[in-house]
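Novice: The following block contains the structure, expressed as structure tokens.
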Amino acid sequence: MVILSQTTLALQWAHRVADRFPDGQLYLNLRGYDPGNQVVNPADALRVFLAALGVPAERIPAPLDERTALYRSLVARRRVLVLLDNARNVEQVRPLLPGASGCLAVVTSRDQLFGLTVTEAAHPVVLTPLPVAEARQLLTNRLGDVRVATEPTEVDEIISLCGRLPIALAVVAARAATNDGFRLAAIAGELRESEAVLDVLSGGDPATDVRAVFSWSYQGLSDPAARLFRLLALHPGPQIGVRVAASLCGRPPAWSVRTSAPTPTPWTG
């Protein structure tokens, strides 16, 4: 099995361990990086959870702290799995943590959520680009053994040009799958020769368009971090050191920028 996203990974894992939590499983997409920018606030999230736990609407308190207290009291003697998907920041997540020793919360986010590690003893799991073998398997699963084996050099080039990112590879595979006569060499050439690779990886759907997905993370950056990100485009190579990056933005190497949307990271805590 090849994992296509942090959400897929979290859901697959949650299904596998669901029997360990006989009192129920709660899931909510917090829309922290959503195309509509409709981030779910903690009070609304708790209203959904309390309703799922059987609390009548008229008994759900209005203040956030009272909702949090009621939620935690209801799960205190239960074994419940809580999956908080696509979180924006620590403040959005913290009121939704069950707090009981018999419960487990899994949080996915594009932010590293250091605060949860510090105060909630969360265990970070950082997702990196797919290994080459798994990237090839992803294309094989979508296109078939014969088609991938027929153009092995082109497949390797596509994997490299897509940065081994699952969503980019999935878009390429979808284009190839809907055009049986379309050679992979043509796709590799288009990726190689395009001045804007993200245009080639447009899927027509905001949820799967690579440019759109990247833009949601970019919009979550602080102004200094966003400026640094833009300046990194001036560097000709695929990797850059701290000193060169600092030079690009005219800062000393010790200067740091807190970004709010780095590597996608599932959390358990």
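Chain lettering (A, B, ...) mirrors the order of the structure tokens, residue numbering begins at 1 for each chain separately, and ligand numbering begins at 1 in order of display.
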Would you please extract all strand (DSSP E) residues from segment 3-252 of chain A, as assigned by DSSP on the backbone, and give them as a ChimeraX atom specification?

Specialist: /A:25-29,81-87,104-109,123-124

Novice: Can you pull out every residue within 9 Å of segment 61-63 of chain A, counting only C-alpha atoms, but drop anything in the same chain fewer than 6 positions away, and send it as a list in words?

Specialist: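 Returned residues: Ala43, Arg47 and Leu70 of chain A.
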
Novice: Listing only residues of segment 77-105 of chain A within 7 Å of segment 21-24 of chain A, what is the closest atom pair and its distance in Å (to one decimal) for each, using only C-alpha atoms, sorted by chain and residue number ascending, as a Markdown table?

Specialist:
| residue | atom | partner | partner_atom | distance |
| --- | --- | --- | --- | --- |
| A:Arg78 | CA | A:Asp23 | CA | 5.9 |
| A:Arg79 | CA | A:Phe21 | CA | 4.9 |
| A:Val80 | CA | A:Gly24 | CA | 5.1 |
| A:Leu81 | CA | A:Phe21 | CA | 6.0 |

Novice: Give me, as a PyMOL selection string, all polymer residues having an atom no more than 12 Å from Leu84 of chain A, counting only C-alpha atoms and skipping those fewer than 2 positions away in the same chain.

Specialist: chain A and resi 6-7+10-11+14+25-32+40+42+45-46+49+81-82+86-90+92-98+104-109+266-269

Novice: Assign secondary structure with DSSP using the backbone only, and return the residues of segment 138-179 of chain A in alpha helix (DSSP H) as a ChimeraX atom specification.

Specialist: /A:138-143,145-150,152-161,166-177

Novice: Considering only C-alpha atoms, can you say which of A:Pro166, A:Gly115, A:Gly144, A:Gly99 comes closest to Val132 of chain A?

Specialist: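 Nearest candidate to Val132 of chain A out of A:Pro166, A:Gly115, A:Gly144, A:Gly99: A:Pro166.
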
Novice: Measuring between only C-alpha atoms, which one of A:Gln239, A:Thr153, A:Thr140, A:Ser101 shows the shortest distance to Ala177 of chain A?

Specialist: A:Thr140

Novice: For Ile159 of chain A, work out the shell of residues within 12 Å, counting only C-alpha atoms and skipping chain neighbours fewer than 2 positions away, then give it as a PyMOL selection string.

Specialist: chain A and resi 129-140+148+152-157+161-173+184+187-188+191-192

Novice: For the atom pair atom CA of Ala18 of chain A and atom CA of Ala57 of chain A, what is the interatomic distance in Å to one decimal place?

Specialist: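 Atom-to-atom, atom CA of Ala18 of chain A and atom CA of Ala57 of chain A are spaced 27.2 Å apart.
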
Novice: Need the shell around Arg183 of chain A: protein/DNA/RNA residues with any atom at most 10 Å away, counting only C-alpha atoms. Skip same-chain ones fewer than 3 positions apart. Format as a list in words?

Specialist: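 Final neighbour list, sorted by chain and number: Arg147, Thr150, Glu151, Glu154, Ala176, Asn179, Asp180, Ala186, Ile187 and Ala188 of chain A.
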
Novice: Any chance you could export the current selection's all heavy atoms as an mmCIF file, in the first residue's frame?

Specialist:
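Saved as out10.cif:
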data_model
loop_
_atom_site.group_PDB
_atom_site.id
_atom_site.type_symbol
_atom_site.label_atom_id
_atom_site.label_comp_id
_atom_site.auth_asym_id
_atom_site.auth_seq_id
_atom_site.Cartn_x
_atom_site.Cartn_y
_atom_site.Cartn_z
ATOM 1 N N ARG A 147 2.853 -1.054 -18.491
ATOM 2 C CA ARG A 147 3.088 0.316 -18.957
ATOM 3 C C ARG A 147 4.281 0.952 -18.253
ATOM 4 O O ARG A 147 5.079 1.656 -18.867
ATOM 5 C CB ARG A 147 1.832 1.159 -18.731
ATOM 6 C CG ARG A 147 1.827 2.457 -19.522
ATOM 7 C CD ARG A 147 0.481 3.116 -19.480
ATOM 8 N NE ARG A 147 0.456 4.340 -20.250
ATOM 9 C CZ ARG A 147 -0.554 5.202 -20.237
ATOM 10 N NH1 ARG A 147 -1.627 4.941 -19.500
ATOM 11 N NH2 ARG A 147 -0.504 6.301 -20.963
ATOM 12 N N THR A 150 7.564 -0.692 -19.453
ATOM 13 C CA THR A 150 7.912 -0.383 -20.845
ATOM 14 C C THR A 150 8.786 0.855 -20.958
ATOM 15 O O THR A 150 9.633 0.955 -21.859
ATOM 16 C CB THR A 150 6.633 -0.197 -21.677
ATOM 17 O OG1 THR A 150 5.860 -1.399 -21.619
ATOM 18 C CG2 THR A 150 6.962 0.112 -23.133
ATOM 19 N N GLU A 151 8.600 1.808 -20.050
ATOM 20 C CA GLU A 151 9.355 3.066 -20.110
ATOM 21 C C GLU A 151 10.004 3.341 -18.755
ATOM 22 O O GLU A 151 9.695 4.334 -18.097
ATOM 23 C CB GLU A 151 8.440 4.221 -20.515
ATOM 24 C CG GLU A 151 7.782 4.057 -21.884
ATOM 25 C CD GLU A 151 6.905 5.238 -22.237
ATOM 26 O OE1 GLU A 151 7.457 6.249 -22.714
ATOM 27 O OE2 GLU A 151 5.676 5.159 -22.019
ATOM 28 N N GLU A 154 11.812 6.825 -18.309
ATOM 29 C CA GLU A 154 10.850 7.932 -18.241
ATOM 30 C C GLU A 154 10.128 7.949 -16.893
ATOM 31 O O GLU A 154 9.842 9.018 -16.348
ATOM 32 C CB GLU A 154 9.837 7.817 -19.387
ATOM 33 C CG GLU A 154 10.392 8.112 -20.768
ATOM 34 C CD GLU A 154 11.290 7.005 -21.304
ATOM 35 O OE1 GLU A 154 11.255 5.882 -20.730
ATOM 36 O OE2 GLU A 154 12.020 7.250 -22.279
ATOM 37 N N ALA A 176 -2.170 10.080 -17.385
ATOM 38 C CA ALA A 176 -1.742 8.949 -18.215
ATOM 39 C C ALA A 176 -2.827 7.877 -18.291
ATOM 40 O O ALA A 176 -3.030 7.261 -19.342
ATOM 41 C CB ALA A 176 -0.451 8.361 -17.664
ATOM 42 N N ASN A 179 -5.563 8.565 -20.780
ATOM 43 C CA ASN A 179 -5.100 8.605 -22.170
ATOM 44 C C ASN A 179 -4.177 7.406 -22.402
ATOM 45 O O ASN A 179 -2.953 7.516 -22.270
ATOM 46 C CB ASN A 179 -4.359 9.913 -22.469
ATOM 47 C CG ASN A 179 -5.245 11.133 -22.324
ATOM 48 O OD1 ASN A 179 -5.965 11.507 -23.233
ATOM 49 N ND2 ASN A 179 -5.201 11.753 -21.155
ATOM 50 N N ASP A 180 -4.775 6.260 -22.725
ATOM 51 C CA ASP A 180 -3.997 5.029 -22.841
ATOM 52 C C ASP A 180 -2.890 5.132 -23.883
ATOM 53 O O ASP A 180 -1.843 4.501 -23.754
ATOM 54 C CB ASP A 180 -4.918 3.854 -23.199
ATOM 55 C CG ASP A 180 -5.803 3.466 -22.023
ATOM 56 O OD1 ASP A 180 -5.423 3.787 -20.884
ATOM 57 O OD2 ASP A 180 -6.866 2.867 -22.258
ATOM 58 N N ALA A 186 6.225 11.423 -23.193
ATOM 59 C CA ALA A 186 5.656 12.736 -23.506
ATOM 60 C C ALA A 186 5.388 13.530 -22.233
ATOM 61 O O ALA A 186 5.636 14.742 -22.167
ATOM 62 C CB ALA A 186 4.370 12.558 -24.310
ATOM 63 N N ILE A 187 4.887 12.838 -21.203
ATOM 64 C CA ILE A 187 4.638 13.516 -19.923
ATOM 65 C C ILE A 187 5.946 13.963 -19.293
ATOM 66 O O ILE A 187 6.066 15.088 -18.794
ATOM 67 C CB ILE A 187 3.868 12.589 -18.976
ATOM 68 C CG1 ILE A 187 2.496 12.256 -19.541
ATOM 69 C CG2 ILE A 187 3.743 13.227 -17.590
ATOM 70 C CD1 ILE A 187 1.682 11.320 -18.687
ATOM 71 N N ALA A 188 6.948 13.088 -19.320
ATOM 72 C CA ALA A 188 8.256 13.438 -18.765
ATOM 73 C C ALA A 188 8.829 14.645 -19.495
ATOM 74 O O ALA A 188 9.387 15.554 -18.880
ATOM 75 C CB ALA A 188 9.206 12.252 -18.858
#
